[in-house]
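Asker: What follows is final_19.txt; its format and atoms are compact mmCIF, C-alpha atoms.
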# COMPACT_ATOMS: atom_id res chain seq x y z
CA TYR A 1 94.57 95.16 76.79
CA VAL A 2 97.94 96.93 76.91
CA ARG A 3 98.37 96.18 73.20
CA GLN A 4 95.00 97.83 72.53
CA LEU A 5 96.10 100.91 74.47
CA ASP A 6 99.32 100.93 72.45
CA THR A 7 97.23 100.79 69.27
CA LEU A 8 95.26 103.85 70.40
CA LEU A 9 98.44 105.76 71.17
CA GLN A 10 100.68 104.67 68.31
CA LEU A 11 98.18 104.46 65.47
CA TYR A 12 95.87 107.31 66.41
CA PHE A 13 96.90 109.69 69.19
CA MET A 14 100.57 110.21 68.26
CA PRO A 15 100.08 110.74 64.48
CA LEU A 16 97.10 113.03 65.09
CA SER A 17 99.12 115.04 67.62
CA GLN A 18 102.07 115.25 65.23
CA SER A 19 99.79 116.56 62.47
CA LEU A 20 99.03 119.60 64.64
CA LYS A 21 102.53 120.84 63.80
CA THR A 22 101.70 120.89 60.08
CA LYS A 23 99.83 123.50 58.07
CA LYS A 24 96.88 121.13 57.64
CA PRO A 25 96.21 119.14 60.82
CA ILE A 26 94.12 116.02 60.35
CA ILE A 27 91.81 117.15 63.15
CA LYS A 28 91.56 120.03 65.61
CA GLU A 29 93.45 119.80 68.89
CA LYS A 30 90.25 120.11 70.93
CA TYR A 31 88.92 116.89 69.41
CA ILE A 32 92.15 115.04 70.16
CA LYS A 33 91.84 116.06 73.82
CA ILE A 34 88.17 115.06 73.94
CA LEU A 35 88.71 111.68 72.28
CA PHE A 36 91.81 110.50 74.13
CA ARG A 37 91.66 112.32 77.49
CA ASN A 38 94.20 110.73 79.89
CA ILE A 39 94.69 107.53 77.90
CA ALA A 40 98.49 107.96 77.96
CA HIS A 41 98.48 107.92 81.79
CA ILE A 42 96.22 104.86 81.81
CA ARG A 43 98.65 103.10 79.45
CA GLY A 44 101.54 104.04 81.71
CA ILE A 45 100.08 102.49 84.85
CA HIS A 46 98.95 99.36 83.02
CA GLY A 47 102.40 98.91 81.52
CA THR A 48 103.82 98.81 85.04
CA PHE A 49 100.94 96.60 86.20
CA LEU A 50 101.65 94.12 83.41
CA LYS A 51 105.36 93.99 84.28
CA GLU A 52 104.54 93.19 87.91
CA ILE A 53 102.18 90.38 86.93
CA SER A 54 104.69 89.02 84.40
CA LYS A 55 107.36 88.70 87.11
CA VAL A 56 105.29 86.12 88.96
CA GLU A 57 105.97 82.55 87.84
CA ASP A 58 102.79 81.29 89.50
CA PRO A 59 100.15 84.10 89.34
CA ALA A 60 98.09 82.45 92.06
CA GLU A 61 100.90 83.05 94.53
CA SER A 62 100.54 86.84 94.67
CA PHE A 63 97.83 87.80 92.21
CA GLY A 64 95.60 89.33 94.86
CA GLU A 65 98.42 91.33 96.41
CA ILE A 66 99.36 92.89 93.05
CA PHE A 67 95.77 93.94 92.35
CA SER A 68 95.43 95.43 95.83
CA ARG A 69 98.58 97.46 95.30
CA PHE A 70 97.45 98.90 91.97
CA ALA A 71 93.73 99.37 92.66
CA HIS A 72 94.25 102.92 93.96
CA PHE A 73 95.84 103.95 90.66
CA PHE A 74 92.83 102.65 88.74
CA LYS A 75 90.84 105.62 90.06
CA MET A 76 92.40 107.59 87.21
CA TYR A 77 89.72 105.94 85.05
CA THR A 78 87.23 108.38 86.57
CA GLU A 79 88.23 111.20 84.22
CA TYR A 80 88.12 108.92 81.17
CA VAL A 81 84.74 107.40 82.06
CA ASN A 82 83.23 110.81 82.87
CA GLU A 83 84.06 112.11 79.40
CA HIS A 84 83.33 109.01 77.33
CA GLU A 85 79.85 110.14 76.25
CA ARG A 86 81.27 113.46 75.13
CA ALA A 87 84.05 111.64 73.27
CA SER A 88 81.52 109.35 71.60
CA ASN A 89 79.44 112.32 70.45
CA ALA A 90 82.55 114.09 69.15
CA LEU A 91 83.62 111.00 67.20
CA THR A 92 80.16 110.68 65.65
CA TYR A 93 80.35 114.32 64.57
CA VAL A 94 83.80 114.22 62.96
CA ASN A 95 83.01 110.88 61.28
CA GLY A 96 79.94 112.40 59.66
CA SER A 97 81.23 115.88 58.81
CA SER A 98 82.50 116.71 55.33
CA LYS A 99 85.00 119.06 57.01
CA TYR A 100 86.88 116.07 58.40
CA GLU A 101 87.22 113.80 55.37
CA ASN A 102 90.97 113.55 55.98
CA PHE A 103 90.28 112.26 59.47
CA GLN A 104 87.83 109.71 58.10
CA LYS A 105 90.42 108.48 55.57
CA PHE A 106 93.02 108.40 58.34
CA CYS A 107 90.76 106.21 60.51
CA LYS A 108 90.11 103.80 57.62
CA THR A 109 93.85 103.41 57.11
CA CYS A 110 94.39 102.78 60.83
CA HIS A 111 91.52 100.29 60.93
CA ALA A 112 93.17 98.29 58.16
CA HIS A 113 96.51 98.20 60.01
CA PRO A 114 97.44 94.79 61.53
CA MET A 115 97.81 96.41 64.98
CA SER A 116 94.08 97.18 65.02
CA LYS A 117 93.12 93.49 64.98
CA GLY A 118 89.88 94.43 63.22
CA LEU A 119 88.88 97.01 65.87
CA ASN A 120 87.95 100.52 64.75
CA LEU A 121 88.58 103.68 66.80
CA SER A 122 85.17 103.57 68.48
CA SER A 123 85.74 99.99 69.66
CA LEU A 124 89.22 100.80 70.97
CA LEU A 125 87.99 103.87 72.86
CA ILE A 126 85.37 101.88 74.75
CA THR A 127 87.75 99.16 76.00
CA PRO A 128 88.96 101.20 79.05
CA ILE A 129 85.32 101.72 80.10
CA GLN A 130 84.90 97.97 80.52
CA ARG A 131 88.21 97.27 82.23
CA ILE A 132 87.62 97.74 85.96
CA PRO A 133 84.33 95.74 85.99
CA ARG A 134 86.20 92.96 84.20
CA TYR A 135 88.92 92.96 86.86
CA LYS A 136 86.25 92.57 89.53
CA LEU A 137 84.73 89.59 87.68
CA LEU A 138 88.18 88.06 87.10
CA LEU A 139 89.11 88.26 90.77
CA SER A 140 85.73 86.89 91.89
CA GLU A 141 86.11 83.93 89.53
CA LEU A 142 89.69 83.31 90.65
CA ASN A 143 88.65 83.48 94.30
CA LYS A 144 85.79 81.05 93.69
CA ASN A 145 88.25 78.52 92.25
CA THR A 146 90.87 78.97 94.98
CA ASP A 147 90.84 76.58 97.93
CA ASP A 148 90.16 78.10 101.34
CA GLU A 149 93.49 76.74 102.56
CA HIS A 150 95.47 78.42 99.77
CA LYS A 151 97.89 81.05 101.11
CA ASP A 152 96.68 83.65 98.58
CA LYS A 153 93.00 83.27 99.54
CA ALA A 154 93.05 86.21 101.96
CA SER A 155 94.85 88.51 99.52
CA LEU A 156 92.34 87.65 96.78
CA GLU A 157 89.42 88.53 99.04
CA LYS A 158 91.16 91.79 99.95
CA ALA A 159 91.77 92.54 96.26
CA ILE A 160 88.07 91.97 95.46
CA LYS A 161 87.12 94.44 98.19
CA VAL A 162 89.65 97.09 97.08
CA VAL A 163 88.81 96.79 93.36
CA SER A 164 85.08 96.89 94.20
CA GLU A 165 85.65 100.10 96.17
CA THR A 166 87.53 101.56 93.20
CA ALA A 167 84.68 100.63 90.86
CA LYS A 168 82.22 102.21 93.30
CA HIS A 169 84.34 105.38 93.45
CA ILE A 170 84.31 105.62 89.64
CA ASN A 171 80.55 105.00 89.43
CA GLU A 172 79.79 107.59 92.10
CA ALA A 173 82.01 110.13 90.36
CA VAL A 174 80.18 109.47 87.09
CA ARG A 175 76.77 109.90 88.77
CA SER A 176 77.94 113.14 90.39
CA PHE A 177 79.24 114.39 87.05
CA GLU A 178 75.96 113.55 85.30
CA ASN A 179 74.03 115.24 88.10
CA ARG A 180 76.00 118.45 87.68
CA LYS A 181 75.33 118.34 83.95
CA GLU A 182 71.57 118.13 84.60
CA ILE A 183 71.72 121.11 86.96
CA GLN A 184 73.75 123.07 84.41
CA THR A 185 71.13 122.27 81.75
CA CYS A 186 68.39 123.62 84.02
CA MET A 187 70.40 126.79 84.59
CA ASP A 188 70.84 127.25 80.84
CA GLU A 189 67.06 126.99 80.35
CA LEU A 190 66.28 129.45 83.16
CA MET A 191 67.69 132.71 81.85
CA GLY A 192 69.02 135.08 84.48
CA THR A 193 69.23 132.37 87.13
CA GLU A 194 72.02 132.60 89.67
CA SER A 195 74.34 129.63 89.87
CA LEU A 196 72.59 126.51 91.17
CA LEU A 197 75.80 124.49 91.27
CA GLU A 198 76.54 123.85 94.92
CA PRO A 199 78.17 120.77 96.51
CA HIS A 200 75.01 119.98 98.52
CA ARG A 201 72.57 120.31 95.59
CA VAL A 202 71.33 117.22 93.77
CA PHE A 203 69.20 117.04 90.63
CA ILE A 204 66.00 115.11 91.41
CA ARG A 205 63.43 115.65 88.68
CA LYS A 206 62.61 117.79 85.68
CA GLY A 207 59.10 118.36 84.40
CA GLU A 208 56.11 120.65 84.05
CA LEU A 209 54.95 122.37 87.23
CA ILE A 210 51.21 122.83 87.72
CA ARG A 211 50.07 125.20 90.46
CA GLN A 212 46.52 124.69 91.68
CA THR A 213 44.60 127.82 92.66
CA ARG A 214 40.98 128.31 93.70
CA SER A 215 39.98 129.48 90.26
CA LYS A 216 42.01 127.26 87.96
CA ALA A 217 45.22 125.37 87.49
CA ARG A 218 48.23 127.32 86.24
Could you render the structure as structure tokens?
Answerer:
Amino acid sequence: YVRQLDTLLQLYFMPLSQSLKTKKPIIKEKYIKILFRNIAHIRGIHGTFLKEISKVEDPAESFGEIFSRFAHFFKMYTEYVNEHERASNALTYVNGSSKYENFQKFCKTCHAHPMSKGLNLSSLLITPIQRIPRYKLLLSELNKNTDDEHKDKASLEKAIKVVSETAKHINEAVRSFENRKEIQTCMDELMGTESLLEPHRVFIRKGELIRQTRSKAR
């Protein structure tokens, strides 16, 4: 996973960012920000996470404790997950626009690079989305195959709880973000409407309203 993050940064993000300093950037800066968000920060924390795991000769001895310690940092995925749909739409646009043929050629070159391992940019960008759920499954499977008497049993169960709470936090943040987007869409359709975005307001339903009167329905 860390190698895949390195591929995103070294093959794509860094060269694209460097091209902004030239007269003809490969792609606009706004698209770089949309596509890669806080991927550099995610790589940073996972680099440290990997080092901690690698120090342990027998992972079963302190696997749960390491996960529990890092679970709080995994909440940084919230920003990345929130914006993934927008990033996906942006990638579809630049991949299909004649204005960004240089970007399309750039991506083909990167895809052919040995570091890519056959994964294109779209596939690499979705890997962080799947990561936290995979950690939860990994810990659950490890816990299931750990004897009740094992000294790391309690820390594994704690790690499952903490990682599950992190996953819940990310999911709730995504739902809240999507809810705000729905409310904003309603505001855009109702011209002249005052702001409907309030912390206590929740989007429930959108549809045609029929008012029944004595004479006829309106």
Asker: Which of these, A:Val94, A:Leu50, A:Ile26, A:Ala159, has the shortest distance to Leu137 (chain A) once you count all atoms listed in the file?
Answerer: A:Ala159
Asker: Just give me the gap between CA of Ser97 (chain A) and CA of Lys21 (chain A) in Å, one decimal is fine.
Answerer: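 According to the coordinates, CA of Ser97 (chain A) and CA of Lys21 (chain A) are separated by 22.4 Å.
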Asker: CA of Ser62 (chain A) and CA of Ile129 (chain A), how far apart in Å?
Answerer: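 Separating CA of Ile129 (chain A) from CA of Ser62 (chain A) is a distance of 25.8 Å.
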Asker: With all atoms listed in the file as the basis for distance, which of A:Ile210, A:Leu190, A:Ile160, A:Ile66 is at the shortest distance from Leu139 (chain A)?
Answerer: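 Answer, going by the shortest atom-to-atom distance: A:Ile160.
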Asker: Measuring between all atoms listed in the file, which one of A:Arg43, A:His169, A:His111, A:Lys99 shows the shortest distance to Lys28 (chain A)?
Answerer: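 Answer, going by the shortest atom-to-atom distance: A:Lys99.
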Asker: Between region 91-173 of chain A and region 12-20 of chain A, at 10 Å or less, what are the per-residue closest atom pairs and their distances in Å? Count only C-alpha atoms, order by chain and rising residue number, and return it as a Markdown table.
Answerer:
| residue | atom | partner | partner_atom | distance |
| --- | --- | --- | --- | --- |
| A:Phe103 | CA | A:Leu16 | CA | 8.9 |
| A:Phe106 | CA | A:Tyr12 | CA | 8.6 |
| A:Cys107 | CA | A:Tyr12 | CA | 7.9 |
| A:Cys110 | CA | A:Tyr12 | CA | 7.3 |
| A:His111 | CA | A:Tyr12 | CA | 9.9 |
| A:Leu121 | CA | A:Tyr12 | CA | 8.2 |
Asker: Calculated over all atoms listed in the file, which of the candidates A:Ala40, A:Ala90, A:Ile45, A:Cys186 has the smallest distance to Phe73 (chain A)?
Answerer: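 The closest residue to Phe73 (chain A) is A:Ile45.
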Asker: Which of these residues is nearest to Ser164 (chain A), using all atoms listed in the file: A:Ser140, A:Tyr77, A:Ile39, A:His150?
Answerer: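 The closest residue to Ser164 (chain A) is A:Ser140.
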Asker: Pick out the closest residue to Thr166 (chain A) from this set: A:Val81, A:Ile53, A:Met76, A:Ala154. Count all atoms listed in the file.
Answerer: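 Under the stated criterion, the closest residue is A:Met76.
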Asker: May I have the protein, DNA and RNA residues with an atom at most 7 Å from (94.9, 102.2, 76.1), counting only C-alpha atoms in the file's coordinates, returned as a list in words?
Answerer: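 Every residue inside that radius is included here: Val2, Gln4, Leu5, Asp6, Leu8, Ile39, Ile42, Arg43 and Pro128 of chain A.
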Asker: For a test of reading the model, state the distance in Å between CA of Lys75 (chain A) and CA of Ile170 (chain A), rounded to one decimal.
Answerer: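 These two atoms are separated by 6.5 Å.
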Asker: Give me, as a Markdown table, the closest atom pair and its distance (Å, one decimal) for every residue of region 79-135 of chain A within a cut-off of 10 Å of region 171-175 of chain A, counting all atoms listed in the file, rows sorted by chain and rising number.
Answerer:
| residue | atom | partner | partner_atom | distance |
| --- | --- | --- | --- | --- |
| A:Glu79 | CA | A:Val174 | CA | 8.7 |
| A:Tyr80 | CA | A:Val174 | CA | 9.9 |
| A:Val81 | CA | A:Val174 | CA | 7.1 |
| A:Asn82 | CA | A:Val174 | CA | 5.4 |
| A:Glu83 | CA | A:Val174 | CA | 9.0 |
Asker: Hey, can you spit out that residue selection with C-alpha atoms as a short mmCIF file (atom, residue, chain, number, x, y, z; two decimals), keeping the file's coordinate frame?
Answerer:
data_model
loop_
_atom_site.label_atom_id
_atom_site.label_comp_id
_atom_site.auth_asym_id
_atom_site.auth_seq_id
_atom_site.Cartn_x
_atom_site.Cartn_y
_atom_site.Cartn_z
CA GLU A 79 88.23 111.20 84.22
CA TYR A 80 88.12 108.92 81.17
CA VAL A 81 84.74 107.40 82.06
CA ASN A 82 83.23 110.81 82.87
CA GLU A 83 84.06 112.11 79.40
#
Asker: Taking all atoms of region 122-132 of chain A that the file lists and extending 4 Å past them on each side, where is the centre of the axis-aligned box and how long are its edges? Answer in Å to one decimal, as AutoDock Vina command-line options.
Answerer:
--center_x 87.1 --center_y 100.6 --center_z 77.2 --size_x 12.3 --size_y 14.6 --size_z 25.5
Asker: Which residues come within 7 Å of Thr7 (chain A), counting all atoms listed in the file, excluding same-chain residues fewer than 3 positions away, as a PyMOL selection string?
Answerer: chain A and resi 3-4+10-11+115-116
